[in-house]
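Shown next: input19.txt, given as compact mmCIF, C-alpha atoms.
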```
# COMPACT_ATOMS: atom_id res chain seq x y z
CA MET A 1 -3.36 -10.24 -17.11
CA THR A 2 -3.44 -9.93 -13.33
CA LEU A 3 -4.90 -12.76 -11.24
CA ILE A 4 -6.16 -11.38 -7.92
CA THR A 5 -7.11 -13.94 -5.28
CA TYR A 6 -7.88 -13.52 -1.58
CA PRO A 7 -8.76 -17.03 -0.34
CA THR A 8 -9.10 -16.18 3.37
CA ARG A 9 -12.35 -16.00 5.33
CA VAL A 10 -12.08 -12.97 7.64
CA HIS A 11 -14.03 -12.22 10.82
CA PHE A 12 -13.52 -8.66 12.09
CA ALA A 13 -15.41 -7.34 15.12
CA ASP A 14 -15.01 -6.53 18.79
CA ASP A 15 -15.35 -9.59 21.06
CA VAL A 16 -15.92 -11.86 18.05
CA MET A 17 -13.11 -14.34 18.69
CA GLN A 18 -14.82 -17.10 20.70
CA GLU A 19 -17.98 -17.14 18.60
CA ALA A 20 -16.10 -17.02 15.29
CA LEU A 21 -13.63 -19.73 16.29
CA HIS A 22 -16.36 -22.03 17.56
CA SER A 23 -18.53 -21.58 14.47
CA GLU A 24 -15.64 -22.13 12.04
CA LEU A 25 -14.51 -25.31 13.80
CA GLU A 26 -18.07 -26.63 13.95
CA ARG A 27 -18.62 -25.78 10.30
CA ALA A 28 -15.44 -27.60 9.24
CA GLY A 29 -15.99 -30.53 11.60
CA CYS A 30 -12.50 -30.14 13.12
CA LYS A 31 -11.99 -32.09 16.35
CA ALA A 32 -8.18 -32.28 16.73
CA PRO A 33 -6.72 -28.76 16.74
CA LEU A 34 -3.07 -27.93 17.32
CA LEU A 35 -2.80 -24.65 19.24
CA ILE A 36 0.36 -22.68 18.40
CA TYR A 37 1.43 -19.75 20.60
CA GLY A 38 4.29 -18.16 22.49
CA ASP A 39 5.17 -18.93 26.08
CA ASP A 40 4.44 -15.31 27.01
CA LEU A 41 0.74 -16.16 26.59
CA LEU A 42 0.70 -19.09 29.01
CA GLU A 43 -2.03 -18.44 31.60
CA SER A 44 -3.06 -15.30 29.70
CA ASP A 45 -6.58 -14.02 29.02
CA PHE A 46 -5.83 -14.40 25.30
CA ALA A 47 -5.12 -18.14 25.67
CA TYR A 48 -8.11 -18.58 27.98
CA ARG A 49 -10.43 -17.01 25.42
CA VAL A 50 -9.09 -19.27 22.66
CA GLN A 51 -9.76 -22.32 24.85
CA GLU A 52 -13.24 -20.94 25.51
CA GLY A 53 -13.92 -20.84 21.75
CA LEU A 54 -13.18 -24.53 21.20
CA PRO A 55 -16.17 -26.89 20.82
CA HIS A 56 -16.76 -29.58 23.45
CA LYS A 57 -15.09 -32.98 23.00
CA THR A 58 -12.13 -31.44 21.22
CA ALA A 59 -8.81 -33.30 21.43
CA VAL A 60 -6.46 -30.37 21.90
CA GLN A 61 -2.72 -30.47 21.31
CA SER A 62 -0.41 -27.51 21.96
CA MET A 63 2.88 -26.25 20.54
CA VAL A 64 4.38 -23.53 22.74
CA PHE A 65 7.55 -21.73 21.71
CA ASP A 66 9.85 -19.18 23.32
CA ALA A 67 11.95 -16.32 21.98
CA ALA A 68 14.92 -18.62 21.33
CA SER A 69 12.97 -21.36 19.53
CA ASP A 70 14.07 -22.42 16.04
CA LEU A 71 10.73 -22.31 14.23
CA ARG A 72 11.86 -24.50 11.34
CA HIS A 73 13.05 -27.23 13.70
CA LEU A 74 9.97 -26.89 15.91
CA SER A 75 7.62 -27.19 12.93
CA ARG A 76 8.96 -30.67 12.21
CA THR A 77 7.57 -31.92 15.51
CA ALA A 78 4.03 -31.34 14.19
CA ILE A 79 4.63 -34.23 11.79
CA ASP A 80 5.77 -36.54 14.59
CA THR A 81 2.66 -36.25 16.77
CA GLY A 82 0.74 -39.48 17.32
CA THR A 83 -2.48 -38.00 15.97
CA PRO A 84 -1.99 -35.50 13.13
CA PRO A 85 -3.98 -32.30 13.78
CA ASP A 86 -6.95 -31.58 11.54
CA VAL A 87 -6.57 -27.81 11.99
CA LEU A 88 -3.77 -25.46 13.07
CA ILE A 89 -4.78 -22.52 15.28
CA ALA A 90 -2.05 -19.90 15.68
CA PHE A 91 -2.70 -16.95 17.94
CA GLY A 92 -1.18 -13.96 19.67
CA SER A 93 1.76 -13.02 17.46
CA ALA A 94 3.08 -12.91 13.91
CA ARG A 95 5.73 -15.42 14.98
CA ALA A 96 3.05 -17.93 15.99
CA ILE A 97 1.37 -17.54 12.61
CA GLU A 98 4.72 -17.94 10.84
CA LEU A 99 5.30 -21.19 12.79
CA ALA A 100 1.84 -22.42 11.78
CA ARG A 101 2.69 -21.76 8.11
CA LYS A 102 5.82 -23.88 8.47
CA CYS A 103 3.85 -26.64 10.20
CA ARG A 104 1.22 -26.62 7.46
CA TYR A 105 3.90 -26.87 4.78
CA GLY A 106 5.63 -29.75 6.57
CA LEU A 107 2.38 -31.62 7.11
CA ALA A 108 1.46 -31.19 3.44
CA GLN A 109 4.83 -32.59 2.38
CA ALA A 110 4.41 -35.59 4.69
CA THR A 111 0.73 -36.38 4.13
CA GLY A 112 -0.19 -34.83 0.78
CA HIS A 113 -3.03 -33.02 2.58
CA ARG A 114 -3.17 -29.26 3.20
CA THR A 115 -4.26 -28.78 6.81
CA PRO A 116 -6.50 -25.74 7.41
CA MET A 117 -4.82 -22.92 9.32
CA TYR A 118 -6.69 -20.41 11.48
CA ALA A 119 -4.90 -17.24 12.56
CA ILE A 120 -5.89 -14.97 15.45
CA PRO A 121 -3.38 -12.10 15.33
CA GLY A 122 -2.13 -9.98 18.18
CA VAL A 123 -0.96 -6.39 17.98
CA ASP A 124 1.85 -7.18 15.50
CA GLY A 125 -0.57 -8.61 12.93
CA LEU A 126 0.40 -11.12 10.25
CA PRO A 127 3.96 -12.11 9.32
CA GLY A 128 5.46 -10.96 6.05
CA PRO A 129 4.42 -12.97 3.01
CA CYS A 130 6.30 -15.83 1.46
CA THR A 131 8.25 -14.26 -1.38
CA ARG A 132 9.37 -17.10 -3.65
CA ASN A 133 6.47 -16.49 -6.04
CA LEU A 134 2.86 -15.31 -6.07
CA GLU A 135 1.51 -18.80 -5.40
CA SER A 136 3.65 -18.94 -2.25
CA TRP A 137 1.98 -15.71 -1.09
CA ARG A 138 -1.48 -17.22 -1.55
CA ALA A 139 -0.44 -20.54 0.00
CA GLY A 140 0.87 -18.71 3.06
CA LEU A 141 -2.44 -17.01 3.86
CA PRO A 142 -4.59 -18.41 6.67
CA SER A 143 -7.73 -20.35 5.78
CA VAL A 144 -9.58 -18.33 8.42
CA LEU A 145 -8.49 -15.04 9.97
CA ILE A 146 -10.15 -13.79 13.16
CA CYS A 147 -9.45 -10.13 13.93
CA ASP A 148 -10.71 -9.09 17.37
CA PRO A 149 -9.36 -5.69 18.50
CA THR A 150 -10.23 -6.41 22.15
CA LEU A 151 -7.44 -9.00 22.19
CA THR A 152 -4.84 -6.22 21.79
CA LEU A 153 -5.97 -3.85 24.53
CA ASN A 154 -3.08 -4.84 26.82
CA ALA A 155 -0.34 -4.25 24.24
CA ASP A 156 2.17 -1.67 25.43
CA CYS A 157 3.03 1.46 23.50
CA GLY A 158 6.35 0.12 22.23
CA GLN A 159 4.55 -2.77 20.55
CA SER A 160 1.91 -0.37 19.27
CA TRP A 161 4.42 2.03 17.71
CA ARG A 162 6.07 -0.86 15.88
CA SER A 163 2.72 -2.17 14.66
CA SER A 164 1.65 1.19 13.23
CA VAL A 165 5.04 1.85 11.61
CA LEU A 166 5.11 -1.62 10.05
CA SER A 167 1.59 -1.15 8.63
CA LEU A 168 2.53 2.25 7.24
CA VAL A 169 5.69 0.97 5.54
CA ARG A 170 3.89 -2.05 4.09
CA CYS A 171 1.12 0.16 2.70
CA VAL A 172 3.47 2.70 1.13
CA GLU A 173 5.67 0.07 -0.49
CA SER A 174 2.67 -1.89 -1.76
CA TYR A 175 1.11 1.21 -3.29
CA LEU A 176 4.37 2.21 -4.98
CA ALA A 177 4.92 -1.28 -6.44
CA GLN A 178 4.40 -1.29 -10.20
CA SER A 179 2.21 -4.39 -10.56
CA PHE A 180 -1.44 -3.75 -11.46
CA ASN A 181 -3.73 -4.63 -8.56
CA PRO A 182 -6.49 -2.07 -7.84
CA PRO A 183 -7.90 -3.88 -4.76
CA ALA A 184 -4.43 -3.98 -3.20
CA ASP A 185 -3.93 -0.28 -4.00
CA GLY A 186 -7.22 0.57 -2.32
CA MET A 187 -6.33 -1.42 0.78
CA ALA A 188 -2.88 0.17 0.88
CA LEU A 189 -4.31 3.71 0.80
CA ASP A 190 -6.92 2.91 3.44
CA GLY A 191 -4.30 1.24 5.62
CA LEU A 192 -1.96 4.23 5.23
CA GLY A 193 -4.67 6.66 6.25
CA ARG A 194 -5.53 4.59 9.32
CA SER A 195 -1.87 4.20 10.30
CA LEU A 196 -1.35 7.96 10.08
CA GLY A 197 -4.35 8.45 12.34
CA THR A 198 -3.03 6.03 14.97
CA LEU A 199 0.46 7.49 15.37
CA PRO A 200 -0.53 10.58 17.43
CA ARG A 201 -2.87 8.51 19.64
CA ILE A 202 -0.53 5.79 20.90
CA GLY A 203 1.18 7.61 23.76
CA ASP A 204 4.53 7.19 25.44
CA ALA A 205 6.61 4.01 25.67
CA GLY A 206 5.81 1.98 28.78
CA GLN A 207 2.16 2.99 28.79
CA ARG A 208 -0.77 0.92 27.54
CA ALA A 209 -3.15 2.64 25.14
CA GLN A 210 -6.40 0.93 26.15
CA ASP A 211 -8.47 2.78 23.57
CA LEU A 212 -10.70 0.41 21.64
CA ASP A 213 -11.21 2.82 18.73
CA LEU A 214 -7.42 3.07 18.39
CA ARG A 215 -7.03 -0.71 18.57
CA ARG A 216 -9.71 -1.18 15.92
CA ASP A 217 -7.99 1.24 13.54
CA MET A 218 -4.62 -0.38 14.15
CA MET A 219 -5.94 -3.85 13.42
CA ALA A 220 -7.75 -2.66 10.28
CA ALA A 221 -4.58 -0.95 9.08
CA SER A 222 -2.55 -4.09 9.76
CA LEU A 223 -5.03 -6.29 7.91
CA ASN A 224 -5.13 -4.00 4.87
CA ALA A 225 -1.35 -3.67 4.86
CA SER A 226 -0.87 -7.44 4.90
CA LEU A 227 -3.39 -8.15 2.15
CA SER A 228 -1.99 -5.34 -0.01
CA GLN A 229 1.30 -7.22 -0.05
CA GLU A 230 -0.06 -9.47 -2.77
CA LYS A 231 1.88 -6.94 -4.88
CA GLY A 232 5.08 -8.10 -3.22
CA VAL A 233 7.50 -7.07 -0.48
CA GLY A 234 9.14 -3.70 -1.07
CA PRO A 235 12.85 -2.87 -0.90
CA ALA A 236 12.81 -1.20 2.53
CA LEU A 237 11.23 -4.25 4.16
CA THR A 238 13.47 -6.55 2.15
CA LEU A 239 16.54 -4.80 3.55
CA ALA A 240 15.12 -4.71 7.08
CA ASP A 241 14.34 -8.44 6.90
CA ALA A 242 17.88 -9.12 5.66
CA LEU A 243 19.37 -7.19 8.60
CA ALA A 244 17.17 -9.07 11.07
CA HIS A 245 18.21 -12.37 9.48
CA GLU A 246 21.91 -11.54 9.75
CA GLN A 247 21.85 -10.24 13.34
CA ALA A 248 19.57 -11.53 16.06
CA GLY A 249 17.56 -9.18 18.23
CA LEU A 250 16.86 -6.47 15.64
CA GLN A 251 13.32 -5.19 15.09
CA VAL A 252 12.14 -4.96 11.46
CA PRO A 253 9.80 -1.94 11.97
CA ASP A 254 12.55 0.10 13.65
CA MET A 255 14.86 -0.42 10.69
CA ALA A 256 12.21 -0.11 7.97
CA ARG A 257 11.22 3.28 9.42
CA LEU A 258 14.72 4.61 8.60
CA LEU A 259 15.12 2.78 5.31
CA LEU A 260 11.86 3.75 3.58
CA PRO A 261 12.62 7.47 2.98
CA GLU A 262 16.10 6.59 1.70
CA ILE A 263 14.67 3.99 -0.69
CA ILE A 264 12.14 6.54 -2.01
CA ARG A 265 14.91 9.14 -2.41
CA ARG A 266 16.97 6.80 -4.59
CA SER A 267 14.22 5.22 -6.69
CA GLY A 268 12.20 6.47 -9.60
CA VAL A 269 8.81 6.78 -7.91
CA ASN A 270 5.81 7.16 -10.21
CA SER A 271 4.82 10.84 -9.96
CA GLU A 272 1.06 10.20 -9.91
CA ARG A 273 1.41 7.67 -7.12
CA ALA A 274 3.72 10.00 -5.21
CA GLU A 275 1.12 12.77 -5.50
CA MET A 276 -1.61 10.48 -4.18
CA LEU A 277 0.50 9.45 -1.19
CA LEU A 278 1.30 13.10 -0.45
CA LYS A 279 -2.42 13.90 -0.45
CA VAL A 280 -3.07 11.12 2.07
CA LEU A 281 -0.15 12.41 4.15
CA GLY A 282 -1.54 15.96 3.93
CA ARG A 283 1.77 17.28 2.60
CA ASP A 284 1.14 18.20 -1.04
CA ALA A 285 3.96 20.76 -1.22
CA GLN A 286 6.78 18.43 -0.16
CA ARG A 287 8.86 15.74 -1.81
CA LEU A 288 7.65 12.29 -0.84
CA ASP A 289 10.90 11.21 0.82
CA GLU A 290 10.98 14.37 2.97
CA ALA A 291 7.33 14.00 3.95
CA MET A 292 7.84 10.36 4.86
CA THR A 293 10.87 11.22 7.00
CA GLU A 294 8.84 13.76 8.98
CA VAL A 295 5.84 11.46 9.44
CA LEU A 296 7.95 8.50 10.59
CA ALA A 297 9.94 10.72 12.95
CA ARG A 298 6.83 10.83 15.17
CA ALA A 299 7.62 7.30 16.31
CA PRO A 300 10.02 7.37 19.30
CA MET A 301 12.58 4.94 17.89
CA ALA A 302 16.34 4.97 17.35
CA ALA A 303 17.57 7.54 14.83
CA ARG A 304 20.37 5.43 13.27
CA LEU A 305 21.02 1.74 12.67
CA SER A 306 24.15 2.04 14.83
CA ASP A 307 21.96 3.24 17.73
CA MET A 308 20.08 -0.09 17.49
CA GLY A 309 23.31 -2.02 17.90
CA VAL A 310 23.61 -3.04 14.25
CA ALA A 311 27.20 -4.16 13.60
CA GLN A 312 29.07 -2.59 10.69
CA SER A 313 29.83 -6.08 9.34
CA THR A 314 26.10 -6.82 9.19
CA LEU A 315 25.56 -4.14 6.52
CA ASP A 316 27.51 -5.92 3.76
CA GLN A 317 26.02 -9.28 4.66
CA ALA A 318 22.48 -7.87 4.53
CA ALA A 319 23.15 -6.01 1.27
CA SER A 320 24.41 -9.21 -0.35
CA GLN A 321 21.38 -11.14 0.88
CA ALA A 322 18.96 -8.47 -0.41
CA GLN A 323 20.67 -8.12 -3.81
CA GLY A 324 18.34 -8.97 -6.68
CA LYS A 325 15.20 -8.82 -4.53
CA ALA A 326 12.57 -6.07 -4.83
CA GLY A 327 14.64 -4.40 -7.55
CA LEU A 328 17.65 -3.84 -5.28
CA THR A 329 21.14 -3.80 -6.73
CA LEU A 330 24.10 -4.48 -4.46
CA ASP A 331 25.31 -0.87 -4.76
CA THR A 332 21.87 0.57 -3.95
CA ALA A 333 21.47 -1.73 -0.94
CA ARG A 334 24.90 -0.73 0.38
CA ASP A 335 24.26 2.98 -0.18
CA VAL A 336 20.88 2.95 1.55
CA LEU A 337 22.21 1.03 4.55
CA SER A 338 25.26 3.27 4.89
CA SER A 339 23.16 6.44 4.71
CA VAL A 340 21.16 5.50 7.84
CA TYR A 341 23.97 3.82 9.76
```

Here is the file; what I need is its structure written in the form of structure tokens.
Amino acid sequence: MTLITYPTRVHFADDVMQEALHSELERAGCKAPLLIYGDDLLESDFAYRVQEGLPHKTAVQSMVFDAASDLRHLSRTAIDTGTPPDVLIAFGSARAIELARKCRYGLAQATGHRTPMYAIPGVDGLPGPCTRNLESWRAGLPSVLICDPTLTLNADCGQSWRSSVLSLVRCVESYLAQSFNPPADGMALDGLGRSLGTLPRIGDAGQRAQDLDLRRDMMAASLNASLSQEKGVGPALTLADALAHEQAGLQVPDMARLLLPEIIRRSGVNSERAEMLLKVLGRDAQRLDEAMTEVLARAPMAARLSDMGVAQSTLDQAASQAQGKAGLTLDTARDVLSSVY
């Protein structure tokens, strides 16, 4: 038996953020929010619009982090505030939402109460799911998710490439996962199709693709990709996460883009699912790994792990960390990493 649960309320529309945030807070009677965001959004239009969506007479607290912040350590400070927040509002980045998840877990451990968490994603969408078990995946989802494509109009093309590649890899790996979950499969295929459509429209690095139709498709693809991961995190993303954990400064989408075709090449992919993916890719006559290599080559990213500055010593450490996860053996993890180094 498969239990399929999506416990998140989702708002998705252009310019919906202030209205949706205000109505959700009023509906829940929340008066003491903790705003969680990165220091790159200080004085930004994004932060201003979040403040604009808060009801009057709201006692606002803020938790601002920077690129060097230890999220686990920072999350503990949420417990030490004089007045515990009655809602966590994370916005602007996957890292902010990940910090809010850690804060919610810490508050639950300290108080026995599960604080609601609202997420307002930026161009990089939601963080990867908790992977300890299926209940952890559900527990990590926001209570309310507000997707407003207009909030991502100022994202540069480098951020946009990474967002589209990450959505594509998540969708492919979710669809290829063996667990039975038709809604997740449907979201994965829709997200894949949207991601493929965004890649040619992003533009060159350093530019800003201020195309609202593009931003809407990217956000829809990201949402579908994240929700499809109820089926689990695939081996390419598992290896990319392990590399990023072992060596600071690495970007998961850049690495996953290289790893996915190699994972497909070495695994026994279900032929019917491979055929369906090839149809969506528009490449019926090719092998799936070859088609995926060509599609992902559109993204202007480094061609080898060594070009990204990955140290040789990091490969063995990452392979050991990934061993036993997502069906990866130590030998397979080492072989895949070596083949793209």

Which of these, A:Arg215, A:Arg162, A:Arg201, A:Arg334, has the shortest distance to Asp14 in chain A once you count only C-alpha atoms? A:Arg215

For a quick check of understanding, using all atoms listed in the file, which of A:Glu246, A:Val172, A:Leu239, A:Ala311 has the smallest distance to Thr332 in chain A?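 Among A:Glu246, A:Val172, A:Leu239, A:Ala311, it is A:Leu239 that comes nearest to Thr332 in chain A.
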
Please determine, counting all atoms listed in the file, which residue among A:Asp284, A:Glu98, A:Glu26, A:Asp66 has the shortest atom-to-atom distance to Pro142 in chain A. A:Glu98

Neighbourhood query: residues within 6 Å of (-2.6, -13.8, 20.0), file coordinates, counting all atoms listed in the file; return as a ChimeraX atom specification. /A:91-93,120-122

Of the listed residues A:Pro55, A:Gly128, A:Pro116, A:Gly38, that which approaches Gly234 in chain A most closely, counting all atoms listed in the file: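 Looking only at the distances to Gly234 in chain A, the closest residue turns out to be A:Gly128.
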
Need the shell around Leu243 in chain A: protein/DNA/RNA residues with any atom at most 9 Å away, counting only C-alpha atoms. Skip same-chain ones fewer than 5 positions apart. Format as a list in words? Thr238, Ala248, Leu250, Val252, Met255, Val310, Thr314, Leu315, Gln317, Ala318, Ala319 and Gln321 of chain A

Among listed residues A:Tyr175, A:Phe12, A:Trp161, A:Tyr118, nearest Asn270 in chain A (using only C-alpha atoms):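 For Asn270 in chain A, the nearest of the given residues is A:Tyr175.
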
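Among the candidates A:Phe46, A:Asp254, A:Ala90, A:Val233, the residue lying nearest to Leu153 in chain A is A:Phe46 (atoms considered: only C-alpha atoms).
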
Could you check how far CA of Asp190 in chain A sits from CA of Asp211 in chain A, in Å to one decimal?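 Calculated distance between CA of Asp190 in chain A and CA of Asp211 in chain A is 20.2 Å.
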
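The interatomic distance for the pair CA of Cys103 in chain A and CA of Arg170 in chain A works out to 25.3 Å.
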
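For the atom pair formed by CA of Met17 in chain A and CA of Val87 in chain A, the distance is 16.4 Å, given to one decimal.
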
Fewer than 6 positions away in the same chain doesn't count, so skip those; otherwise give me all residues within 8 Å of Pro149 in chain A, counting only C-alpha atoms, as a ChimeraX atom specification. /A:13-15,212,215-216,219

Using all atoms listed in the file, which protein or nucleic acid residues come within 9 Å of His11 in chain A? Drop anything in the same chain fewer than 4 positions from it, and give the result as a PyMOL selection string. chain A and resi 16-17+20+144-148

Residues near Gln51 in chain A, anyone? I mean within 10 Å using all atoms listed in the file, not counting same-chain ones fewer than 3 positions away, as a list in words. Gln18, Leu21, His22, Leu35, Asp45, Phe46, Ala47, Tyr48, Leu54, Pro55 and Val60 of chain A

Can you pull out every residue within 9 Å of Pro127 in chain A, counting all atoms listed in the file, but drop anything in the same chain fewer than 5 positions away, and send it as a PyMOL selection string? chain A and resi 93-98+226

Starting from the incomplete input, reconstruct N, CA and C atoms of range 280-312 of chain A and write that as a short mmCIF file (atom, residue, chain, number, x, y, z; two decimals), keeping the file's coordinate frame.
```cif
data_model
loop_
_atom_site.label_atom_id
_atom_site.label_comp_id
_atom_site.auth_asym_id
_atom_site.auth_seq_id
_atom_site.Cartn_x
_atom_site.Cartn_y
_atom_site.Cartn_z
N VAL A 280 -2.67 11.87 0.87
CA VAL A 280 -3.07 11.12 2.07
C VAL A 280 -2.27 11.60 3.28
N LEU A 281 -1.00 11.92 3.06
CA LEU A 281 -0.15 12.41 4.15
C LEU A 281 -0.48 13.85 4.54
N GLY A 282 -1.23 14.55 3.67
CA GLY A 282 -1.54 15.96 3.93
C GLY A 282 -0.36 16.87 3.74
N ARG A 283 0.53 16.52 2.79
CA ARG A 283 1.77 17.28 2.60
C ARG A 283 2.02 17.48 1.10
N ASP A 284 1.08 18.07 0.42
CA ASP A 284 1.14 18.20 -1.04
C ASP A 284 2.38 18.95 -1.53
N ALA A 285 2.90 19.88 -0.73
CA ALA A 285 3.96 20.76 -1.22
C ALA A 285 5.37 20.18 -1.04
N GLN A 286 5.47 19.00 -0.44
CA GLN A 286 6.78 18.43 -0.16
C GLN A 286 7.16 17.32 -1.13
N ARG A 287 8.43 16.97 -1.14
CA ARG A 287 8.86 15.74 -1.81
C ARG A 287 8.44 14.56 -0.94
N LEU A 288 8.17 13.43 -1.58
CA LEU A 288 7.65 12.29 -0.84
C LEU A 288 8.65 11.78 0.20
N ASP A 289 9.92 11.72 -0.14
CA ASP A 289 10.90 11.21 0.82
C ASP A 289 10.99 12.12 2.05
N GLU A 290 10.92 13.44 1.84
CA GLU A 290 10.98 14.37 2.97
C GLU A 290 9.74 14.25 3.85
N ALA A 291 8.57 14.15 3.20
CA ALA A 291 7.33 14.00 3.95
C ALA A 291 7.33 12.71 4.77
N MET A 292 7.82 11.64 4.16
CA MET A 292 7.84 10.36 4.86
C MET A 292 8.80 10.40 6.05
N THR A 293 9.93 11.08 5.89
CA THR A 293 10.87 11.22 7.00
C THR A 293 10.21 11.92 8.18
N GLU A 294 9.48 13.00 7.90
CA GLU A 294 8.84 13.76 8.98
C GLU A 294 7.73 12.96 9.66
N VAL A 295 6.94 12.25 8.87
CA VAL A 295 5.84 11.46 9.44
C VAL A 295 6.40 10.34 10.33
N LEU A 296 7.40 9.63 9.84
CA LEU A 296 7.95 8.50 10.59
C LEU A 296 8.76 8.95 11.80
N ALA A 297 9.20 10.20 11.80
CA ALA A 297 9.94 10.72 12.95
C ALA A 297 9.06 10.85 14.19
N ARG A 298 7.74 10.77 14.01
CA ARG A 298 6.83 10.83 15.17
C ARG A 298 7.02 9.63 16.09
N ALA A 299 7.45 8.52 15.51
CA ALA A 299 7.62 7.30 16.31
C ALA A 299 8.90 7.40 17.12
N PRO A 300 8.84 7.23 18.44
CA PRO A 300 10.02 7.37 19.30
C PRO A 300 10.93 6.15 19.21
N MET A 301 11.67 6.07 18.12
CA MET A 301 12.58 4.94 17.89
C MET A 301 13.98 5.48 17.62
N ALA A 302 14.95 4.58 17.58
CA ALA A 302 16.34 4.97 17.35
C ALA A 302 16.49 5.70 16.02
N ALA A 303 17.41 6.69 16.01
CA ALA A 303 17.57 7.54 14.83
C ALA A 303 18.54 6.99 13.81
N ARG A 304 19.38 6.02 14.18
CA ARG A 304 20.37 5.43 13.27
C ARG A 304 20.41 3.92 13.51
N LEU A 305 20.84 3.19 12.50
CA LEU A 305 21.02 1.74 12.67
C LEU A 305 22.06 1.45 13.75
N SER A 306 23.11 2.26 13.82
CA SER A 306 24.15 2.04 14.83
C SER A 306 23.58 2.19 16.24
N ASP A 307 22.59 3.07 16.42
CA ASP A 307 21.96 3.24 17.73
C ASP A 307 21.19 2.00 18.16
N MET A 308 20.79 1.17 17.20
CA MET A 308 20.08 -0.09 17.49
C MET A 308 21.03 -1.23 17.80
N GLY A 309 22.33 -0.96 17.67
CA GLY A 309 23.31 -2.02 17.90
C GLY A 309 23.65 -2.83 16.67
N VAL A 310 23.27 -2.33 15.48
CA VAL A 310 23.61 -3.04 14.25
C VAL A 310 25.12 -2.96 14.04
N ALA A 311 25.75 -4.11 13.82
CA ALA A 311 27.20 -4.16 13.60
C ALA A 311 27.52 -3.72 12.18
N GLN A 312 28.65 -3.04 12.02
CA GLN A 312 29.07 -2.59 10.69
C GLN A 312 29.18 -3.77 9.72
#
```
